[in-house]
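J.: Compact mmCIF, C-alpha atoms, file entry.txt:
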```txt
# COMPACT_ATOMS: atom_id res chain seq x y z
CA MET U 1 47.10 103.34 106.75
CA ALA U 2 48.70 106.68 105.83
CA PHE U 3 51.37 106.17 108.50
CA TYR U 4 52.15 102.72 107.09
CA SER U 5 52.65 104.16 103.58
CA VAL U 6 54.94 106.85 104.91
CA PHE U 7 56.86 104.23 106.89
CA LEU U 8 57.27 102.04 103.76
CA VAL U 9 58.57 104.98 101.75
CA PHE U 10 60.99 105.85 104.56
CA VAL U 11 62.38 102.31 104.81
CA THR U 12 62.68 102.01 101.02
CA GLY U 13 64.48 105.32 100.97
CA LEU U 14 66.92 104.10 103.62
CA ALA U 15 67.63 100.92 101.68
CA PHE U 16 68.20 102.92 98.49
CA CYS U 17 70.54 105.31 100.29
CA SER U 18 72.61 102.54 101.82
CA GLU U 19 73.09 100.95 98.41
CA ALA U 20 73.88 104.24 96.68
CA THR U 21 76.50 105.23 99.25
CA PRO U 22 78.43 102.10 100.30
CA SER U 23 80.48 102.25 103.44
CA ASP U 24 84.03 103.63 103.30
CA SER U 25 85.18 101.77 106.36
CA PRO U 26 84.52 98.53 108.21
CA ASP U 27 81.45 98.34 110.43
CA SER U 28 79.71 95.81 112.62
CA LYS U 29 77.92 94.19 109.69
CA HIS U 30 80.94 94.13 107.37
CA PRO U 31 84.03 94.04 109.61
CA LEU U 32 86.63 93.80 106.84
CA TYR U 33 87.18 96.73 104.48
CA VAL U 34 89.73 96.70 101.68
CA ARG U 35 90.87 99.67 99.63
CA VAL U 36 93.18 99.53 96.64
CA LEU U 37 94.99 102.58 95.29
CA ASP U 38 96.93 103.28 92.11
CA SER U 39 100.10 105.21 92.88
CA VAL U 40 100.91 105.82 89.22
CA ARG U 41 97.72 107.75 88.56
CA GLY U 42 97.06 108.99 92.09
CA SER U 43 93.63 107.42 92.03
CA PRO U 44 91.60 104.53 93.34
CA ALA U 45 92.18 101.22 91.56
CA PRO U 46 88.72 100.16 90.37
CA ASN U 47 87.70 96.75 89.05
CA VAL U 48 90.57 94.87 90.68
CA PRO U 49 89.44 91.25 91.18
CA VAL U 50 89.92 90.21 94.80
CA LYS U 51 89.41 86.81 96.40
CA LEU U 52 89.07 86.23 100.13
CA TYR U 53 90.11 82.83 101.48
CA LYS U 54 90.06 81.31 104.93
CA GLU U 55 92.58 78.71 106.02
CA ALA U 56 90.87 75.38 106.71
CA ALA U 57 91.90 72.88 109.40
CA ASP U 58 93.93 70.88 106.85
CA GLY U 59 95.89 73.98 105.81
CA SER U 60 94.11 74.41 102.47
CA TRP U 61 92.50 77.71 101.44
CA GLU U 62 88.72 77.85 101.32
CA LEU U 63 87.33 80.53 98.99
CA LEU U 64 84.84 82.73 100.85
CA ASN U 65 84.14 85.45 98.32
CA SER U 66 85.28 86.89 95.02
CA LYS U 67 84.55 90.54 94.14
CA GLN U 68 85.96 93.48 92.25
CA THR U 69 86.89 96.82 93.77
CA ASN U 70 84.35 99.59 93.16
CA ASP U 71 84.93 103.04 91.64
CA LYS U 72 86.59 104.18 94.85
CA GLY U 73 88.93 101.18 94.85
CA GLY U 74 86.96 99.88 97.81
CA LEU U 75 85.56 96.49 98.76
CA PRO U 76 83.16 97.20 101.57
CA GLU U 77 81.19 93.98 101.67
CA LEU U 78 83.73 91.22 101.23
CA THR U 79 82.60 89.31 104.29
CA THR U 80 80.03 89.49 107.04
CA LYS U 81 80.31 89.38 110.80
CA GLU U 82 78.88 85.87 110.79
CA GLN U 83 81.41 84.58 108.28
CA PHE U 84 84.46 86.40 109.68
CA GLY U 85 85.35 84.29 112.70
CA THR U 86 88.76 83.78 114.26
CA GLY U 87 91.19 82.43 111.73
CA VAL U 88 93.86 82.98 109.14
CA TYR U 89 92.69 84.71 105.99
CA LYS U 90 94.19 85.47 102.62
CA LEU U 91 93.31 88.31 100.29
CA GLU U 92 94.45 87.62 96.75
CA LEU U 93 94.39 90.67 94.49
CA ASP U 94 94.67 90.09 90.75
CA THR U 95 96.88 93.11 90.26
CA ALA U 96 98.37 91.75 87.01
CA SER U 97 94.95 91.95 85.31
CA TYR U 98 94.58 95.52 86.54
CA TRP U 99 97.91 96.65 85.07
CA LYS U 100 97.42 94.72 81.84
CA SER U 101 94.05 96.40 81.32
CA LEU U 102 96.00 99.67 81.41
CA GLY U 103 98.47 98.36 78.84
CA LEU U 104 101.30 97.76 81.32
CA ASN U 105 103.26 94.59 82.09
CA PRO U 106 103.70 94.31 85.84
CA PHE U 107 106.30 92.46 87.90
CA HIS U 108 104.02 90.74 90.39
CA HIS U 109 101.75 87.89 89.39
CA HIS U 110 99.28 89.01 92.04
CA ALA U 111 99.37 90.56 95.52
CA ASP U 112 98.58 88.33 98.49
CA VAL U 113 97.89 89.54 101.99
CA VAL U 114 97.77 86.80 104.63
CA PHE U 115 96.64 87.81 108.10
CA THR U 116 95.23 86.50 111.37
CA ALA U 117 91.88 87.94 112.44
CA ASN U 118 89.84 88.05 115.60
CA ASP U 119 92.18 85.97 117.68
CA ALA U 120 92.17 88.48 120.53
CA GLY U 121 88.64 89.82 120.59
CA TYR U 122 86.31 90.68 117.74
CA ARG U 123 87.61 93.67 115.76
CA HIS U 124 87.20 95.73 112.61
CA TYR U 125 89.87 95.55 109.92
CA SER U 126 90.85 98.03 107.21
CA ILE U 127 93.42 96.86 104.72
CA ALA U 128 94.88 99.28 102.22
CA VAL U 129 96.94 98.16 99.24
CA VAL U 130 98.89 100.68 97.17
CA LEU U 131 99.93 99.51 93.72
CA SER U 132 102.40 100.37 91.04
CA PRO U 133 103.61 98.13 88.21
CA PHE U 134 106.82 97.14 90.03
CA SER U 135 105.83 97.61 93.63
CA TYR U 136 103.05 97.19 96.15
CA SER U 137 102.58 98.05 99.72
CA THR U 138 99.95 97.08 102.27
CA THR U 139 98.96 98.43 105.67
CA ALA U 140 96.37 97.22 108.15
CA VAL U 141 94.40 99.26 110.63
CA VAL U 142 92.86 97.12 113.34
CA SER U 143 90.33 98.44 115.82
CA GLU U 144 90.19 97.69 119.51
CA PRO U 145 87.85 94.78 120.35
CA VAL U 146 84.32 95.87 119.60
CA GLU U 147 82.27 93.39 121.56
CA GLN E 1 134.17 86.54 103.46
CA ALA E 2 135.47 88.11 100.24
CA ASP E 3 134.27 85.11 98.22
CA GLY E 4 130.84 85.44 99.80
CA MET E 5 130.59 89.06 98.68
CA SER E 6 131.47 88.30 95.05
CA GLU E 7 128.90 85.48 94.93
CA VAL E 8 126.20 87.88 96.11
CA GLY E 9 127.16 90.25 93.29
CA ASN E 10 126.76 87.61 90.57
CA GLY E 11 123.44 86.14 91.67
CA SER E 12 120.38 86.58 89.47
CA LEU E 13 117.89 86.84 92.36
CA THR E 14 118.72 88.66 95.55
CA THR E 15 116.70 90.23 98.33
CA HIS E 16 117.12 92.60 101.28
CA VAL E 17 114.85 92.87 104.30
CA LEU E 18 114.62 96.10 106.27
CA ASN E 19 112.87 96.74 109.57
CA THR E 20 111.19 100.12 109.16
CA VAL E 21 110.48 100.47 112.89
CA THR E 22 114.19 100.59 113.74
CA GLY E 23 115.55 101.66 110.36
CA LEU E 24 117.89 98.68 110.53
CA PRO E 25 118.27 95.49 108.49
CA ALA E 26 116.16 92.52 109.57
CA ALA E 27 118.62 89.81 110.59
CA GLY E 28 117.86 86.15 111.06
CA LEU E 29 114.71 86.17 108.94
CA VAL E 30 114.01 82.92 107.06
CA ILE E 31 113.27 83.16 103.35
CA ARG E 32 112.22 80.47 100.90
CA LEU E 33 112.01 80.56 97.10
CA ASP E 34 109.50 78.36 95.24
CA GLN E 35 108.85 78.01 91.54
CA LEU E 36 105.38 77.40 90.11
CA GLN E 37 105.21 74.07 88.31
CA GLU E 38 103.27 75.21 85.24
CA PRO E 39 100.41 75.25 84.81
CA GLY E 40 100.07 75.00 88.59
CA PRO E 41 98.91 74.84 91.30
CA GLN E 42 101.96 72.99 92.66
CA TRP E 43 105.04 74.87 93.81
CA LYS E 44 108.55 73.43 94.00
CA GLU E 45 110.95 74.66 96.67
CA LEU E 46 114.20 75.89 95.11
CA ALA E 47 116.12 77.49 97.97
CA GLN E 48 115.99 78.47 101.61
CA ARG E 49 118.06 81.19 103.24
CA HIS E 50 118.16 83.38 106.30
CA THR E 51 119.21 86.99 106.38
CA ASP E 52 122.52 88.12 107.89
CA THR E 53 123.11 91.21 110.02
CA ASP E 54 122.89 93.28 106.86
CA GLY E 55 119.42 91.90 106.07
CA ARG E 56 120.83 90.10 103.04
CA CYS E 57 121.56 86.49 102.12
CA GLN E 58 123.25 84.47 99.42
CA PRO E 59 121.48 84.76 96.06
CA LEU E 60 118.36 82.64 95.86
CA LEU E 61 119.04 81.90 92.22
CA ALA E 62 122.59 81.69 90.94
CA ALA E 63 123.60 83.49 87.78
CA GLY E 64 122.27 81.49 84.85
CA GLN E 65 119.93 79.41 87.02
CA ALA E 66 116.80 81.44 86.41
CA LYS E 67 114.23 80.37 83.85
CA ALA E 68 111.22 82.37 82.71
CA GLY E 69 108.26 81.59 84.94
CA THR E 70 106.37 82.38 88.12
CA TYR E 71 108.21 82.42 91.44
CA LYS E 72 107.27 82.97 95.06
CA LEU E 73 109.41 84.35 97.88
CA ARG E 74 108.11 83.51 101.33
CA PHE E 75 109.42 85.61 104.25
CA GLU E 76 108.87 84.28 107.79
CA THR E 77 108.07 87.70 109.20
CA ALA E 78 105.93 86.67 112.22
CA ALA E 79 108.75 84.54 113.63
CA TYR E 80 111.09 87.51 113.14
CA TRP E 81 108.78 89.96 114.98
CA GLN E 82 108.14 87.45 117.74
CA GLY E 83 111.87 87.22 118.31
CA LEU E 84 111.89 90.96 118.93
CA GLY E 85 108.89 90.80 121.27
CA HIS E 86 106.41 92.34 118.82
CA THR E 87 103.10 90.98 117.68
CA SER E 88 102.48 91.39 113.98
CA PHE E 89 99.54 91.23 111.67
CA TYR E 90 100.88 88.84 109.05
CA PRO E 91 101.91 85.20 109.79
CA TYR E 92 104.28 85.48 106.78
CA VAL E 93 104.69 87.50 103.62
CA GLU E 94 104.62 85.94 100.18
CA VAL E 95 105.69 87.83 97.08
CA VAL E 96 104.70 86.20 93.79
CA PHE E 97 106.41 87.52 90.68
CA THR E 98 107.21 86.77 87.08
CA ILE E 99 110.63 86.32 85.52
CA THR E 100 110.37 87.09 81.82
CA ASP E 101 114.05 87.58 81.01
CA PRO E 102 116.23 84.90 82.66
CA ALA E 103 119.38 86.94 82.02
CA GLN E 104 118.16 89.91 84.06
CA LYS E 105 119.47 90.38 87.60
CA LEU E 106 116.55 90.78 89.96
CA HIS E 107 116.59 92.37 93.38
CA VAL E 108 113.37 91.97 95.37
CA PRO E 109 113.62 93.80 98.71
CA LEU E 110 111.03 93.79 101.47
CA LEU E 111 110.39 96.57 103.98
CA ILE E 112 108.53 95.47 107.09
CA SER E 113 106.76 96.86 110.13
CA PRO E 114 104.31 94.96 112.33
CA TYR E 115 101.19 96.12 110.45
CA SER E 116 102.62 96.95 107.03
CA TYR E 117 105.01 95.80 104.35
CA SER E 118 106.19 96.99 101.04
CA THR E 119 108.02 95.22 98.23
CA TYR E 120 109.40 96.25 94.89
CA ARG E 121 111.55 95.15 92.02
CA GLY E 122 114.87 96.90 92.34
CA SER E 123 118.22 96.41 90.71
```
I'd like the structure from this file rewritten - as structure tokens, please.

T.:
Amino acid sequence: MAFYSVFLVFVTGLAFCSEATPSDSPDSKHPLYVRVLDSVRGSPAPNVPVKLYKEAADGSWELLNSKQTNDKGGLPELTTKEQFGTGVYKLELDTASYWKSLGLNPFHHHADVVFTANDAGYRHYSIAVVLSPFSYSTTAVVSEPVE
Amino acid sequence: QADGMSEVGNGSLTTHVLNTVTGLPAAGLVIRLDQLQEPGPQWKELAQRHTDTDGRCQPLLAAGQAKAGTYKLRFETAAYWQGLGHTSFYPYVEVVFTITDPAQKLHVPLLISPYSYSTYRGS
């Protein structure tokens, strides 16, 4: 009985910790990690709305998830291993809303990143996007096949 | 050739694609310009070009042709990398931007490597 109580407290503690400190990189459970940075302020870009789409057989885009970047400019849990099969994906970042909330009028309507995933083994993906009002840049880091 | 150069100078939308692996222009890369049919979501194709050995092409919008609105440049980057024997991460690159002042000359270059790209509004 005492052991069970201790075990419950331990598991609860683990769950609390994993929510309080979200991952900073992709992992087996969440194989796609996105980070958005603000190169004007030298900071993360928080609260940037991001949509993840997957290309359907008919060529249309199916919305998988819609989330905002966290305080670190990160989106750790945009998709899951189960959802992230082989395919063509699109990240659509509403960068215009981000700049407008800072009182700036940007050039780009939004920033799209279209990429092919998991077509040569199942991998982890980190996508970084660096923003300024008249420019953006994106880089991908793709792991070796993980399983 | 001289006429071609002066037309490039007068265009209101130009681009330039650079291969950052070699530090050389990206030649033979296909580019398309679409305009959003407000309020969307349909796009209308306005022009198609391919880059020359300097990574440039004829203006995608002639002087005076631009109207305020939302435009999309699509760069066929995967086909370009494939031609050089590289794999690349992106099947294509699309840059979606806003023209607010139709009289302004816009230059929208693209810098590419297999796993990265960068774009900006230049002059």

J.: Quick one: everything within 6 Å of range 78-89 of chain E, counting only C-alpha atoms, minus sequence neighbours fewer than 5 positions away in the same chain. Send it as a list in words.

T.: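 Answer for this query is Phe115 of chain U; Leu29, Pro114 and Tyr115 of chain E.
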
J.: Pull the closest atom pair for each residue of chain U that gets at most 6 Å from chain E, along with the distance in Å to one decimal, counting all atoms listed in the file, ordering rows by chain and then ascending residue number, as a Markdown table.

T.:
```
| residue | atom | partner | partner_atom | distance |
| --- | --- | --- | --- | --- |
| U:Phe107 | CA | E:Phe97 | CA | 5.7 |
| U:His108 | CA | E:Phe97 | CA | 4.0 |
| U:His109 | CA | E:Phe97 | CA | 4.8 |
| U:Val114 | CA | E:Tyr90 | CA | 5.8 |
| U:Phe115 | CA | E:Tyr90 | CA | 4.5 |
| U:Phe134 | CA | E:Arg121 | CA | 5.5 |
| U:Ser135 | CA | E:Tyr120 | CA | 4.0 |
| U:Tyr136 | CA | E:Thr119 | CA | 5.7 |
| U:Ser137 | CA | E:Ser118 | CA | 4.0 |
| U:Thr138 | CA | E:Ser116 | CA | 5.5 |
| U:Thr139 | CA | E:Ser116 | CA | 4.2 |
| U:Ala140 | CA | E:Tyr115 | CA | 5.5 |
```

J.: Considering all atoms listed in the file, return as a list of chain:residue names whatever protein or nucleic-acid residues lie within 8 Å of Leu37 in chain U, sequence-local ones (same chain, fewer than 2 positions apart) excluded.

T.: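 Listed by chain and then number, they are U:Arg35, U:Ser39, U:Gly42, U:Ser43, U:Pro44, U:Ala45, U:Gly73, U:Ala128, U:Val129, U:Val130, U:Leu131.
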
J.: What does the distance from CA of Glu77 in chain U to CA of Lys90 in chain U come to in Å, to one decimal?

T.: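 Separation of CA of Glu77 in chain U and CA of Lys90 in chain U: 15.6 Å.
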
J.: So that I can check the surroundings of range 93-104 of chain U, please list as JSON, numbers by chain every protein, DNA and RNA residue that reaches within 7 Å of it, counting all atoms listed in the file and ignoring chain neighbours fewer than 4 positions away.

T.: {"U": [48, 49, 50, 51, 108, 109, 110, 111, 112, 133]}

J.: Could you tell me how far CA of Thr15 in chain E sits from CA of Ala103 in chain E, in Å to one decimal place?

T.: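 About the pair CA of Ala103 in chain E and CA of Thr15 in chain E: they are 16.9 Å apart.
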
J.: Go through E:His50, E:Gly64, E:Ser123, E:Cys57 and flag the residue nearest Ser12 in chain E, using all atoms listed in the file for the distances.

T.: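 So, comparing all the options, the nearest one is E:Gly64.
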
J.: Give, as lines of an AutoDock Vina configuration file, the centre coordinates and the x, y and z edge lengths in Å to one decimal for an axis-aligned box around all listed atoms of range 45-59 of chain E, padded by 4 Å on each side.

T.:
```
center_x = 117.1
center_y = 84.0
center_z = 102.6
size_x = 20.3
size_y = 26.6
size_z = 22.9
```

J.: So how many Å separate CA of Pro76 in chain U and CA of Ile127 in chain U, to one decimal?

T.: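 Going from CA of Pro76 in chain U over to CA of Ile127 in chain U covers 10.7 Å.
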
J.: List every protein, DNA or RNA residue with an atom no more than 10 Å from (123.1, 90.4, 107.0) in the file's coordinates, counting all atoms listed in the file, and format the result as a VMD selection string.

T.: chain E and resid 16 to 17 25 to 29 50 to 58

J.: Show which residues sit within 10 Å of range 57-64 of chain U, as a list in words. Count only C-alpha atoms, and ignore same-chain residues fewer than 5 positions away.

T.: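 Residues meeting the cut-off are Lys51, Leu52, Leu78, Thr79, Gln83, Phe84, Gly87, Val88, Tyr89, Lys90 and Leu91 of chain U.
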
J.: Counting only C-alpha atoms, figure out which residue out of E:Thr20, E:Gln48, E:Ala68, E:Leu61 gets nearest to Leu36 in chain E.

T.: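 So, comparing all the options, the nearest one is E:Ala68.
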
J.: Can you work out which one of U:Glu144, U:Val40, U:Ala56, U:Asn65 has the shortest atom-to-atom distance to Thr80 in chain U, counting only C-alpha atoms?

T.: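 Closest to Thr80 in chain U of all the choices is U:Asn65.
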
J.: Find the residues around Ala47 in chain E up to 7 Å (only C-alpha atoms counted), leave out those fewer than 3 positions away in its own chain, and share them as a list in words.

T.: Arg32, Leu33 and Leu60 of chain E
